[in-house]
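Here is my_file.cif, consisting of mmCIF, C-alpha atoms and all ligand atoms:
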data_my_file
loop_
_atom_site.label_atom_id
_atom_site.label_comp_id
_atom_site.auth_asym_id
_atom_site.auth_seq_id
_atom_site.Cartn_x
_atom_site.Cartn_y
_atom_site.Cartn_z
CA MET A 1 24.39 69.31 -102.34
CA HIS A 2 27.71 67.95 -103.59
CA SER A 3 29.11 65.32 -101.19
CA LEU A 4 32.30 67.35 -100.90
CA ASP A 5 30.47 70.44 -99.68
CA THR A 6 28.41 68.34 -97.27
CA TYR A 7 31.62 66.89 -95.85
CA ALA A 8 33.39 70.26 -95.56
CA GLY A 9 30.30 72.02 -94.17
CA ASP A 10 29.72 69.39 -91.47
CA LYS A 11 33.33 69.53 -90.44
CA LEU A 12 33.27 73.33 -90.22
CA ASP A 13 30.14 73.16 -88.04
CA ARG A 14 31.81 70.74 -85.63
CA LEU A 15 34.96 72.86 -85.41
CA GLU A 16 32.93 75.99 -84.78
CA ALA A 17 30.99 74.27 -81.96
CA ALA A 18 34.32 73.32 -80.33
CA SER A 19 35.74 76.89 -80.61
CA LEU A 20 38.30 75.48 -83.06
CA LEU A 21 37.25 77.21 -86.26
CA ARG A 22 39.94 79.48 -87.66
CA ARG A 23 39.21 82.49 -89.82
CA PRO A 24 41.87 84.79 -91.21
CA ARG A 25 40.95 88.37 -90.34
CA PRO A 26 41.99 91.20 -92.62
CA THR A 27 44.73 93.08 -90.77
CA GLN A 28 46.65 96.12 -91.93
CA ARG A 29 50.09 96.18 -90.33
CA LEU A 30 51.03 99.76 -89.52
CA THR A 31 54.37 100.98 -88.19
CA GLY A 32 55.44 100.74 -84.55
CA ALA A 33 53.87 97.29 -83.91
CA TYR A 34 50.37 98.70 -84.46
CA VAL A 35 47.79 97.04 -86.68
CA GLU A 36 44.39 98.07 -87.94
CA ARG A 37 41.51 95.60 -87.75
CA ASP A 38 37.82 96.31 -88.35
CA GLY A 39 38.65 100.02 -88.24
CA CYS A 40 40.38 99.77 -84.84
CA ARG A 41 44.03 100.51 -84.16
CA LEU A 42 45.54 97.83 -81.89
CA LEU A 43 49.02 97.35 -80.46
CA SER A 44 50.02 93.91 -81.73
CA PHE A 45 51.66 91.32 -79.53
CA SER A 46 51.04 88.70 -82.19
CA CYS A 47 53.56 89.57 -84.90
CA ASN A 48 56.90 87.81 -85.22
CA ASP A 49 58.47 90.94 -86.72
CA TYR A 50 60.43 91.26 -83.48
CA LEU A 51 62.58 94.18 -84.54
CA GLY A 52 59.99 96.06 -86.56
CA LEU A 53 62.15 95.60 -89.65
CA ALA A 54 59.26 94.87 -92.05
CA HIS A 55 58.55 98.63 -91.98
CA HIS A 56 62.16 99.83 -91.61
CA PRO A 57 62.88 102.48 -94.26
CA GLN A 58 66.20 100.86 -95.25
CA VAL A 59 64.55 97.43 -95.63
CA LYS A 60 61.67 98.77 -97.70
CA ALA A 61 64.05 100.80 -99.91
CA ALA A 62 66.18 97.69 -100.56
CA ALA A 63 63.09 95.72 -101.59
CA ARG A 64 61.96 98.49 -103.95
CA ALA A 65 65.42 98.76 -105.52
CA ALA A 66 65.57 94.99 -106.06
CA ILE A 67 62.26 95.03 -107.89
CA GLU A 68 63.55 97.79 -110.18
CA THR A 69 66.74 95.87 -110.97
CA HIS A 70 65.62 92.24 -110.96
CA GLY A 71 61.84 92.36 -111.40
CA ALA A 72 59.07 91.19 -109.12
CA GLY A 73 59.54 87.43 -109.33
CA ALA A 74 62.41 84.98 -109.79
CA GLY A 75 60.73 83.48 -112.85
CA ALA A 76 61.82 79.87 -112.38
CA SER A 77 63.30 77.37 -109.98
CA ARG A 78 66.77 78.22 -108.73
CA LEU A 79 68.07 75.22 -110.65
CA VAL A 80 66.74 76.62 -113.92
CA THR A 81 67.06 80.42 -114.20
CA GLY A 82 65.72 81.62 -110.85
CA ASP A 83 69.08 81.86 -109.08
CA HIS A 84 69.40 85.65 -109.11
CA PRO A 85 72.63 87.08 -107.63
CA LEU A 86 70.99 88.38 -104.45
CA LEU A 87 70.50 84.77 -103.30
CA SER A 88 74.19 83.95 -103.14
CA GLN A 89 74.90 87.27 -101.40
CA LEU A 90 72.24 86.41 -98.85
CA GLU A 91 73.63 82.90 -98.36
CA THR A 92 77.11 84.25 -97.75
CA ARG A 93 75.79 86.69 -95.15
CA LEU A 94 73.70 84.07 -93.34
CA ALA A 95 76.60 81.61 -93.23
CA ARG A 96 78.76 84.35 -91.73
CA LEU A 97 76.12 85.22 -89.10
CA LYS A 98 75.77 81.53 -88.14
CA GLY A 99 79.49 80.73 -88.37
CA THR A 100 78.99 77.90 -90.86
CA GLU A 101 80.76 77.10 -94.14
CA ALA A 102 77.69 77.49 -96.29
CA CYS A 103 73.98 78.26 -96.49
CA VAL A 104 71.07 77.61 -98.80
CA VAL A 105 68.01 79.85 -99.02
CA PHE A 106 64.52 78.40 -99.59
CA GLY A 107 61.14 79.95 -100.44
CA SER A 108 60.06 79.76 -96.78
CA GLY A 109 60.99 78.19 -93.48
CA TYR A 110 58.30 75.58 -93.96
CA LEU A 111 59.74 74.64 -97.35
CA ALA A 112 63.24 74.47 -95.83
CA ASN A 113 62.25 71.84 -93.28
CA ALA A 114 60.02 69.99 -95.73
CA GLY A 115 62.99 69.69 -98.12
CA LEU A 116 65.87 69.30 -95.70
CA ILE A 117 64.72 66.25 -93.75
CA PRO A 118 63.83 64.02 -96.74
CA THR A 119 67.20 64.91 -98.31
CA PHE A 120 69.02 63.23 -95.43
CA ALA A 121 66.58 60.60 -94.16
CA GLY A 122 64.40 57.96 -95.77
CA PRO A 123 63.03 54.50 -95.12
CA GLY A 124 65.45 52.64 -92.83
CA ASP A 125 66.43 55.84 -91.03
CA LEU A 126 65.28 57.22 -87.71
CA ILE A 127 63.98 60.67 -86.80
CA LEU A 128 63.69 61.61 -83.15
CA ILE A 129 61.66 64.75 -82.75
CA ASP A 130 60.78 66.89 -79.74
CA GLU A 131 57.06 66.45 -79.11
CA LEU A 132 56.54 70.24 -79.25
CA ALA A 133 58.58 70.80 -82.42
CA HIS A 134 57.06 73.02 -85.11
CA ALA A 135 54.54 71.56 -87.56
CA CYS A 136 56.95 71.90 -90.49
CA LEU A 137 59.60 69.75 -88.79
CA TRP A 138 56.90 67.10 -88.40
CA ALA A 139 55.89 67.57 -92.03
CA GLY A 140 59.46 67.09 -93.22
CA ALA A 141 59.87 64.02 -91.03
CA GLN A 142 56.64 62.51 -92.37
CA LEU A 143 57.58 63.23 -95.99
CA SER A 144 60.90 61.44 -95.52
CA GLY A 145 59.39 58.00 -94.93
CA ALA A 146 61.82 57.44 -92.03
CA ARG A 147 60.64 56.00 -88.72
CA ILE A 148 59.55 58.89 -86.45
CA ILE A 149 59.77 58.67 -82.67
CA PRO A 150 58.86 61.72 -80.57
CA PHE A 151 60.76 62.42 -77.36
CA ALA A 152 59.39 64.24 -74.30
CA HIS A 153 59.84 68.00 -74.55
CA ASN A 154 63.47 69.02 -73.88
CA ASP A 155 64.08 65.66 -72.14
CA THR A 156 67.61 64.60 -73.07
CA ASP A 157 67.42 61.50 -70.85
CA HIS A 158 64.39 60.31 -72.77
CA LEU A 159 66.19 61.04 -76.05
CA ALA A 160 69.27 59.09 -74.92
CA ALA A 161 67.11 56.14 -73.88
CA LEU A 162 65.34 56.09 -77.24
CA LEU A 163 68.65 56.23 -79.08
CA ALA A 164 70.02 53.39 -76.93
CA GLN A 165 66.99 51.32 -77.88
CA HIS A 166 66.57 52.19 -81.56
CA ARG A 167 69.75 53.72 -82.99
CA ALA A 168 71.48 50.44 -83.88
CA SER A 169 68.67 49.26 -86.14
CA ALA A 170 68.63 52.46 -88.20
CA ARG A 171 71.10 53.55 -90.88
CA HIS A 172 71.07 57.28 -90.09
CA ALA A 173 69.44 59.22 -87.28
CA ILE A 174 68.28 62.84 -87.17
CA VAL A 175 67.31 64.61 -83.95
CA ALA A 176 64.96 67.52 -84.72
CA THR A 177 64.04 70.35 -82.37
CA ASP A 178 63.08 74.00 -82.30
CA GLY A 179 65.93 76.15 -80.93
CA VAL A 180 63.30 78.49 -79.45
CA PHE A 181 59.90 76.79 -79.12
CA SER A 182 57.38 78.77 -81.10
CA MET A 183 54.40 78.42 -78.75
CA ASP A 184 56.25 78.17 -75.39
CA GLY A 185 59.20 80.50 -75.87
CA ASP A 186 61.61 78.21 -74.03
CA LEU A 187 65.00 77.17 -75.44
CA ALA A 188 66.16 73.71 -76.41
CA PRO A 189 69.19 72.52 -74.36
CA LEU A 190 71.32 72.43 -77.50
CA ASP A 191 74.51 71.63 -75.59
CA TRP A 192 72.99 68.51 -74.05
CA LEU A 193 71.20 67.50 -77.23
CA SER A 194 74.47 67.86 -79.12
CA ALA A 195 76.32 65.66 -76.61
CA VAL A 196 73.67 62.94 -76.91
CA CYS A 197 73.78 63.18 -80.71
CA GLU A 198 77.58 63.02 -80.86
CA ALA A 199 77.60 59.95 -78.60
CA ASN A 200 75.10 58.16 -80.86
CA ASP A 201 76.14 59.29 -84.34
CA ALA A 202 72.93 61.27 -84.76
CA TRP A 203 72.60 64.53 -86.71
CA LEU A 204 71.14 67.48 -84.81
CA LEU A 205 68.70 69.77 -86.59
CA SER A 206 67.78 73.01 -84.82
CA ASP A 207 65.01 75.25 -86.16
CA ASP A 208 65.90 78.78 -85.06
CA ALA A 209 62.93 80.61 -86.59
CA HIS A 210 62.42 82.54 -83.32
CA GLY A 211 66.08 82.89 -82.33
CA VAL A 212 67.76 84.55 -85.29
CA GLY A 213 67.83 88.33 -84.92
CA VAL A 214 66.83 88.35 -81.26
CA LEU A 215 69.19 86.12 -79.26
CA ALA A 216 72.99 86.40 -78.86
CA GLN A 217 73.24 89.77 -80.70
CA GLY A 218 71.10 88.39 -83.47
CA ARG A 219 73.14 85.28 -84.15
CA GLY A 220 70.43 83.08 -82.71
CA SER A 221 70.01 80.36 -80.11
CA ALA A 222 72.92 78.18 -81.28
CA ALA A 223 75.33 80.99 -80.39
CA LEU A 224 74.21 80.65 -76.75
CA PHE A 225 75.70 77.12 -76.80
CA PRO A 226 79.12 77.63 -78.40
CA ASP A 227 80.25 74.05 -77.80
CA ALA A 228 77.20 72.43 -79.40
CA GLN A 229 77.66 70.66 -82.73
CA ILE A 230 74.60 71.49 -84.86
CA PRO A 231 75.14 70.27 -88.42
CA PHE A 232 71.71 71.52 -89.61
CA GLN A 233 70.97 75.12 -88.58
CA MET A 234 67.65 76.05 -90.08
CA GLY A 235 65.76 79.31 -89.75
CA THR A 236 63.47 81.81 -91.41
CA LEU A 237 63.76 85.25 -92.96
CA SER A 238 60.09 85.86 -92.19
CA LYS A 239 60.24 86.81 -88.51
CA ALA A 240 62.91 89.05 -86.96
CA LEU A 241 64.33 89.72 -90.44
CA GLY A 242 61.01 91.22 -91.45
CA SER A 243 60.99 89.63 -94.91
CA TYR A 244 60.06 86.20 -96.27
CA GLY A 245 62.00 83.00 -96.95
CA GLY A 246 63.86 80.26 -95.14
CA TYR A 247 67.42 78.96 -94.90
CA VAL A 248 69.61 76.08 -93.83
CA CYS A 249 73.19 76.79 -92.71
CA GLY A 250 75.71 73.96 -92.55
CA SER A 251 78.84 72.53 -94.11
CA GLN A 252 79.66 72.80 -97.84
CA ALA A 253 78.77 69.13 -98.28
CA VAL A 254 75.41 69.40 -96.50
CA VAL A 255 74.42 72.53 -98.43
CA GLY A 256 75.68 71.02 -101.70
CA LEU A 257 73.51 67.95 -101.28
CA ILE A 258 70.47 70.08 -100.40
CA LYS A 259 70.95 72.19 -103.52
CA THR A 260 71.00 69.16 -105.74
CA ARG A 261 68.39 66.99 -104.00
CA ALA A 262 65.87 68.93 -101.87
CA ARG A 263 62.54 68.75 -103.69
CA THR A 264 61.21 71.96 -102.12
CA LEU A 265 64.16 73.79 -103.66
CA ILE A 266 64.20 72.08 -107.04
CA TYR A 267 60.50 72.01 -107.88
CA THR A 268 59.53 75.46 -106.68
CA THR A 269 60.26 78.98 -107.87
CA GLY A 270 63.18 80.85 -106.35
CA LEU A 271 62.64 83.42 -103.61
CA PRO A 272 61.52 86.78 -105.10
CA PRO A 273 64.38 89.31 -105.41
CA ALA A 274 62.63 91.85 -103.15
CA ALA A 275 62.43 89.30 -100.31
CA ALA A 276 66.14 88.51 -100.59
CA ALA A 277 67.10 92.19 -100.74
CA ALA A 278 64.93 93.01 -97.73
CA ALA A 279 66.55 90.20 -95.74
CA LEU A 280 70.02 91.46 -96.71
CA ALA A 281 69.14 94.96 -95.52
CA ALA A 282 67.75 93.50 -92.30
CA LEU A 283 71.03 91.65 -91.71
CA ASP A 284 72.91 94.95 -92.14
CA ILE A 285 70.75 96.49 -89.40
CA ILE A 286 71.04 93.47 -87.10
CA GLU A 287 74.83 93.42 -87.41
CA ALA A 288 75.13 97.19 -86.90
CA GLU A 289 72.71 97.49 -83.97
CA PRO A 290 73.24 94.81 -81.32
CA ALA A 291 71.32 96.96 -78.79
CA LEU A 292 68.22 96.76 -81.01
CA THR A 293 68.42 92.95 -81.15
CA ALA A 294 68.41 92.79 -77.32
CA LEU A 295 65.19 94.80 -76.91
CA PRO A 296 62.50 92.13 -77.54
CA LEU A 297 63.91 89.79 -74.88
CA ALA A 298 64.44 92.67 -72.42
CA LYS A 299 60.80 93.73 -72.89
CA ALA A 300 59.56 90.14 -72.52
CA ARG A 301 61.49 89.87 -69.25
CA ALA A 302 60.05 93.12 -67.94
CA SER A 303 56.61 91.72 -68.70
CA THR A 304 57.11 88.30 -67.09
CA ALA A 305 58.46 90.04 -63.98
CA ALA A 306 55.40 92.32 -63.87
CA VAL A 307 52.88 89.50 -64.39
CA GLY A 308 54.62 87.09 -62.04
CA LEU A 309 55.44 84.46 -64.68
CA PRO A 310 58.76 82.58 -64.98
CA LEU A 311 61.47 84.81 -66.48
CA ALA A 312 61.23 84.84 -70.29
CA ALA A 313 63.99 83.01 -72.20
CA SER A 314 62.99 84.51 -75.55
CA PRO A 315 60.62 87.22 -76.83
CA ILE A 316 57.73 84.69 -76.71
CA VAL A 317 55.70 84.47 -73.50
CA PRO A 318 52.88 81.90 -73.20
CA VAL A 319 50.00 82.47 -70.79
CA ILE A 320 48.34 79.07 -70.61
CA LEU A 321 44.61 79.30 -69.89
CA GLY A 322 43.38 75.75 -70.59
CA GLU A 323 40.30 75.49 -72.75
CA ALA A 324 40.09 77.07 -76.19
CA GLU A 325 37.09 79.13 -75.12
CA ALA A 326 38.98 80.69 -72.18
CA ALA A 327 41.82 81.72 -74.46
CA LEU A 328 39.40 83.19 -77.02
CA ASP A 329 37.54 85.13 -74.32
CA ALA A 330 40.77 86.56 -72.91
CA SER A 331 41.96 87.51 -76.38
CA GLN A 332 38.67 89.32 -77.08
CA ALA A 333 38.82 91.17 -73.76
CA LEU A 334 42.36 92.35 -74.53
CA GLU A 335 41.25 93.47 -77.97
CA ALA A 336 38.66 95.70 -76.31
CA GLU A 337 41.58 97.27 -74.39
CA GLY A 338 43.49 97.97 -77.59
CA PHE A 339 45.80 94.93 -77.59
CA LEU A 340 46.05 92.25 -80.27
CA VAL A 341 47.05 89.03 -78.50
CA VAL A 342 45.87 86.09 -80.56
CA ALA A 343 44.57 82.97 -78.80
CA ILE A 344 46.48 79.80 -79.70
CA ARG A 345 44.34 76.66 -79.69
CA PRO A 346 44.67 72.96 -80.45
CA PRO A 347 45.94 71.44 -82.67
CA THR A 348 48.69 74.11 -82.66
CA VAL A 349 49.14 73.35 -78.93
CA PRO A 350 48.11 70.20 -76.99
CA ASP A 351 44.51 69.79 -75.80
CA GLY A 352 43.78 71.65 -72.56
CA GLN A 353 46.71 74.03 -73.13
CA ALA A 354 45.08 76.79 -75.12
CA ARG A 355 46.83 80.02 -74.40
CA LEU A 356 47.60 83.62 -75.07
CA ARG A 357 50.91 83.83 -76.88
CA ILE A 358 52.52 87.21 -76.30
CA ALA A 359 55.33 88.11 -78.68
CA PHE A 360 57.42 91.14 -77.76
CA SER A 361 58.83 93.60 -80.23
CA ALA A 362 61.54 96.24 -80.00
CA ASP A 363 58.82 98.75 -80.92
CA HIS A 364 56.50 98.12 -77.95
CA PRO A 365 56.21 101.19 -75.67
CA ASP A 366 57.12 100.27 -72.07
CA ALA A 367 53.99 101.95 -70.68
CA GLU A 368 51.79 99.76 -72.89
CA ILE A 369 53.70 96.64 -71.81
CA ALA A 370 52.95 97.60 -68.20
CA ARG A 371 49.26 98.16 -68.99
CA LEU A 372 49.03 94.77 -70.75
CA ALA A 373 50.77 93.09 -67.78
CA ASP A 374 48.13 94.49 -65.41
CA LEU A 375 45.37 92.94 -67.55
CA VAL A 376 47.13 89.61 -68.05
CA ARG A 377 47.87 89.25 -64.33
CA HIS A 378 44.12 89.04 -63.81
CA TYR A 379 43.83 85.97 -66.10
CA VAL A 380 46.79 84.25 -64.50
CA LYS A 381 45.22 84.76 -61.04
CA ALA A 382 41.77 83.65 -62.20
CA ARG A 383 43.16 80.34 -63.38
C1 LIG B 1 57.30 80.22 -88.34
C2 LIG B 1 58.08 78.98 -88.15
C3 LIG B 1 58.53 78.23 -89.24
C4 LIG B 1 58.09 78.53 -90.65
O1 LIG B 1 58.79 79.58 -91.19
P1 LIG B 1 58.11 80.37 -92.42
O2 LIG B 1 59.25 81.10 -93.03
O3 LIG B 1 57.07 81.24 -91.85
O4 LIG B 1 57.55 79.31 -93.33
C5 LIG B 1 59.35 77.17 -89.00
N1 LIG B 1 59.69 76.81 -87.75
C6 LIG B 1 59.27 77.48 -86.68
C7 LIG B 1 59.70 77.06 -85.33
C8 LIG B 1 58.44 78.58 -86.85
O5 LIG B 1 57.98 79.24 -85.79
#
Can you give me the file's structure in the form of structure tokens?
Ligand SMILES: *Cc1c(COP(=O)(O)O)cnc(C)c1O
Amino acid sequence: MHSLDTYAGDKLDRLEAASLLRRPRPTQRLTGAYVERDGCRLLSFSCNDYLGLAHHPQVKAAARAAIETHGAGAGASRLVTGDHPLLSQLETRLARLKGTEACVVFGSGYLANAGLIPTFAGPGDLILIDELAHACLWAGAQLSGARIIPFAHNDTDHLAALLAQHRASARHAIVATDGVFSMDGDLAPLDWLSAVCEANDAWLLSDDAHGVGVLAQGRGSAALFPDAQIPFQMGTLSKALGSYGGYVCGSQAVVGLIKTRARTLIYTTGLPPAAAAAALAALDIIEAEPALTALPLAKARASTAAVGLPLAASPIVPVILGEAEAALDASQALEAEGFLVVAIRPPTVPDGQARLRIAFSADHPDAEIARLADLVRHYVKAR
């Protein structure tokens, strides 16, 4: 056997033995937060399409129309000929939603963080990152070549102490955090983080992938902290907006430098027209229907009250079960009851903190939320 296949095969065997093997499973996403898997219809609590917009008739029609007008793909990098007019329309709308001067759209949220951080930090600079920040913030930090120091989750005292110790020896400093933590659902204290950053000439980067569309009438987590200074407001079009793509909102100067220097913008093809058009249609719906944007959080709160968990701060509710096997078993049992609640295991979450991650959607029927809560309560008690 080829040494490469021996290496990969052995590694797969070890991961499987530790319940850490991951296998994508073909899933047909139906309307109304339902999915079809292995011939079964399941109510999904594992999609980030919080408002059900991926299947919204207006969003789908906008995507179809964009394909007719602009074609299926952008054809080149945005800096060559891939900068179709829908992108600047989308950037204007996102900047307006976020209350910033400007915005730049990327191919995905992951690409946005992977390009943003190295544009503003390099060797000689410092990146302080929340220990639970999303993998793509870590990837961007690592690509930059700057010194990376993690701070304890949401611990502004720890952050301030690290800045007191290390800020003076670095040229620039970036503080990177999720606005809504993707696996825990809690919010970053953006007001306190901003105050610490302002006092230490550090630049705050908040990743609002799970806030936009579902918090503060859709404006996202930063809008809950109106006094916070957040010069890098990053997010995704791939979750509540029901489409695909990523963005960074900020000042004209910040966005201008990204457009001319970010490698994940320059050396990759522009976002497909249909994805941009779908996101624009989703923004129309979000701006017109504030009551819709409030539903996922309201449903998450009804669920945490019913299960006896701390009140949800976002549409994401973690149910921490410990070992990977326990989380997989619980997930399988829920599947037998008609619910898709995917188990989240290391390395996505720390060792010993495998969990069910329940993501609430505007489409979830209240009676089904109550039935799921009855089942989940059993796991919480058993632990
Ligand atoms: C999903 C996610 C991303 C990545 O966004 P994509 O558009 O899916 O690449 C970035 N940050 C956080 C916190 C996320 O949850």
Each side padded by 6 Å, which centre and which edge lengths in Å (one decimal) define the axis-aligned box around the listed atoms of ligand LIG 1 (chain B)? Give them as JSON.
{"center_x": 58.4, "center_y": 79.0, "center_z": -89.3, "size_x": 14.6, "size_y": 16.4, "size_z": 20.0}
Around ligand LIG 1 (chain B), which protein and nucleic acid residues have at least one atom no more than 8 Å from it, if we count only C-alpha atoms and all ligand atoms? List them as a PyMOL selection string. chain A and resi 107-113+133-137+178-183+207-210+235-239+244-246
What does the structure give for the distance between atom CA of A:Gly71 and atom CA of A:Gly256, in Å to one decimal?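 We find that atom CA of A:Gly71 and atom CA of A:Gly256 lie 27.2 Å from each other.
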Around (56.5, 65.6, -79.1) in the file's own coordinates, what residues are found within 12 Å if you use all atoms listed in the file, given back as a PyMOL selection string? chain A and resi 127-135+137-138+148-155+158-159+175-178+181+349-350
Minimum-distance residue to A:Gly140, chosen among A:Cys249, A:Leu283, A:Arg263, A:Glu91 (using only C-alpha atoms):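 Going through A:Cys249, A:Leu283, A:Arg263, A:Glu91 one by one, the smallest distance to A:Gly140 is for A:Arg263.
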Given the choices A:Ala282, A:Leu215, A:Leu143, A:Leu328, which gets closest to A:Lys98 if the distance is worked out from all atoms listed in the file? A:Leu215
Using all atoms listed in the file, which of A:Ala33, A:Leu162, A:Leu97, A:Ala141 sits nearest A:Ala223?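 Looking only at the distances to A:Ala223, the closest residue turns out to be A:Leu97.
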Can you tell me, as number ranges by chain, what residues are no more than 10 Å from stretch 288-299 of chain A when counting all atoms listed in the file, ignoring any on the same chain fewer than 4 positions away? A: 50-52, 212-219, 240, 282-284, 303-305, 312-317, 359-366, 369-370
Would you please work out which residue, of A:Arg14, A:Arg41, A:His84, A:Arg357, is nearest to A:Pro273 when using only C-alpha atoms?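 Among the listed residues, the smallest separation from A:Pro273 belongs to A:His84.
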Find the residue from A:Ala330, A:Val105, A:Val254, A:Leu311 that sits nearest to A:Asp186; use all atoms listed in the file when measuring. A:Leu311
Provide the atom CA of A:Glu368 to atom CA of A:Leu309 distance in Å, to one decimal place.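 Atom CA of A:Leu309 lies 17.7 Å from atom CA of A:Glu368.
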For A:Ala76, which residue out of A:Leu265, A:Val342, A:Ala326, A:Ala160 is the nearest one, using only C-alpha atoms? A:Leu265
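For the pair atom CA of A:Ala373 and atom CA of A:Leu334, the separation is 10.8 Å.
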Regenerate stretch 239-255 of chain A at the level of N, CA and C atoms and dump it as a PDB file, in the coordinates of the input.
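Listed below is the output, rebuild29.pdb:
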ATOM      1  N   LYS A 239      60.589  86.317 -89.850  1.00  0.00           N
ATOM      2  CA  LYS A 239      60.240  86.810 -88.510  1.00  0.00           C
ATOM      3  C   LYS A 239      61.101  88.012 -88.161  1.00  0.00           C
ATOM      4  N   ALA A 240      62.142  87.852 -87.352  1.00  0.00           N
ATOM      5  CA  ALA A 240      62.910  89.050 -86.960  1.00  0.00           C
ATOM      6  C   ALA A 240      63.512  89.769 -88.171  1.00  0.00           C
ATOM      7  N   LEU A 241      63.740  89.055 -89.279  1.00  0.00           N
ATOM      8  CA  LEU A 241      64.330  89.720 -90.440  1.00  0.00           C
ATOM      9  C   LEU A 241      63.302  90.509 -91.243  1.00  0.00           C
ATOM     10  N   GLY A 242      62.044  90.363 -90.882  1.00  0.00           N
ATOM     11  CA  GLY A 242      61.010  91.220 -91.450  1.00  0.00           C
ATOM     12  C   GLY A 242      60.682  90.963 -92.913  1.00  0.00           C
ATOM     13  N   SER A 243      61.194  89.870 -93.487  1.00  0.00           N
ATOM     14  CA  SER A 243      60.990  89.630 -94.910  1.00  0.00           C
ATOM     15  C   SER A 243      60.217  88.334 -95.105  1.00  0.00           C
ATOM     16  N   TYR A 244      60.694  87.486 -96.018  1.00  0.00           N
ATOM     17  CA  TYR A 244      60.060  86.200 -96.270  1.00  0.00           C
ATOM     18  C   TYR A 244      61.099  85.257 -96.846  1.00  0.00           C
ATOM     19  N   GLY A 245      61.050  83.994 -96.437  1.00  0.00           N
ATOM     20  CA  GLY A 245      62.000  83.000 -96.950  1.00  0.00           C
ATOM     21  C   GLY A 245      62.531  82.164 -95.809  1.00  0.00           C
ATOM     22  N   GLY A 246      63.266  81.114 -96.160  1.00  0.00           N
ATOM     23  CA  GLY A 246      63.860  80.260 -95.140  1.00  0.00           C
ATOM     24  C   GLY A 246      65.293  79.907 -95.521  1.00  0.00           C
ATOM     25  N   TYR A 247      66.025  79.307 -94.599  1.00  0.00           N
ATOM     26  CA  TYR A 247      67.420  78.960 -94.900  1.00  0.00           C
ATOM     27  C   TYR A 247      67.846  77.739 -94.104  1.00  0.00           C
ATOM     28  N   VAL A 248      68.895  77.081 -94.605  1.00  0.00           N
ATOM     29  CA  VAL A 248      69.610  76.080 -93.830  1.00  0.00           C
ATOM     30  C   VAL A 248      71.087  76.422 -93.914  1.00  0.00           C
ATOM     31  N   CYS A 249      71.750  76.577 -92.758  1.00  0.00           N
ATOM     32  CA  CYS A 249      73.190  76.790 -92.710  1.00  0.00           C
ATOM     33  C   CYS A 249      73.854  75.490 -92.281  1.00  0.00           C
ATOM     34  N   GLY A 250      74.990  75.189 -92.882  1.00  0.00           N
ATOM     35  CA  GLY A 250      75.710  73.960 -92.550  1.00  0.00           C
ATOM     36  C   GLY A 250      77.024  73.898 -93.307  1.00  0.00           C
ATOM     37  N   SER A 251      77.576  72.689 -93.404  1.00  0.00           N
ATOM     38  CA  SER A 251      78.840  72.530 -94.110  1.00  0.00           C
ATOM     39  C   SER A 251      78.627  72.641 -95.617  1.00  0.00           C
ATOM     40  N   GLN A 252      79.731  72.774 -96.361  1.00  0.00           N
ATOM     41  CA  GLN A 252      79.660  72.800 -97.840  1.00  0.00           C
ATOM     42  C   GLN A 252      78.965  71.547 -98.356  1.00  0.00           C
ATOM     43  N   ALA A 253      79.314  70.391 -97.769  1.00  0.00           N
ATOM     44  CA  ALA A 253      78.770  69.130 -98.280  1.00  0.00           C
ATOM     45  C   ALA A 253      77.265  69.057 -98.029  1.00  0.00           C
ATOM     46  N   VAL A 254      76.841  69.445 -96.837  1.00  0.00           N
ATOM     47  CA  VAL A 254      75.410  69.400 -96.500  1.00  0.00           C
ATOM     48  C   VAL A 254      74.625  70.329 -97.437  1.00  0.00           C
ATOM     49  N   VAL A 255      75.124  71.557 -97.584  1.00  0.00           N
ATOM     50  CA  VAL A 255      74.420  72.530 -98.430  1.00  0.00           C
ATOM     51  C   VAL A 255      74.461  72.080 -99.895  1.00  0.00           C
TER      52      VAL A 255
END
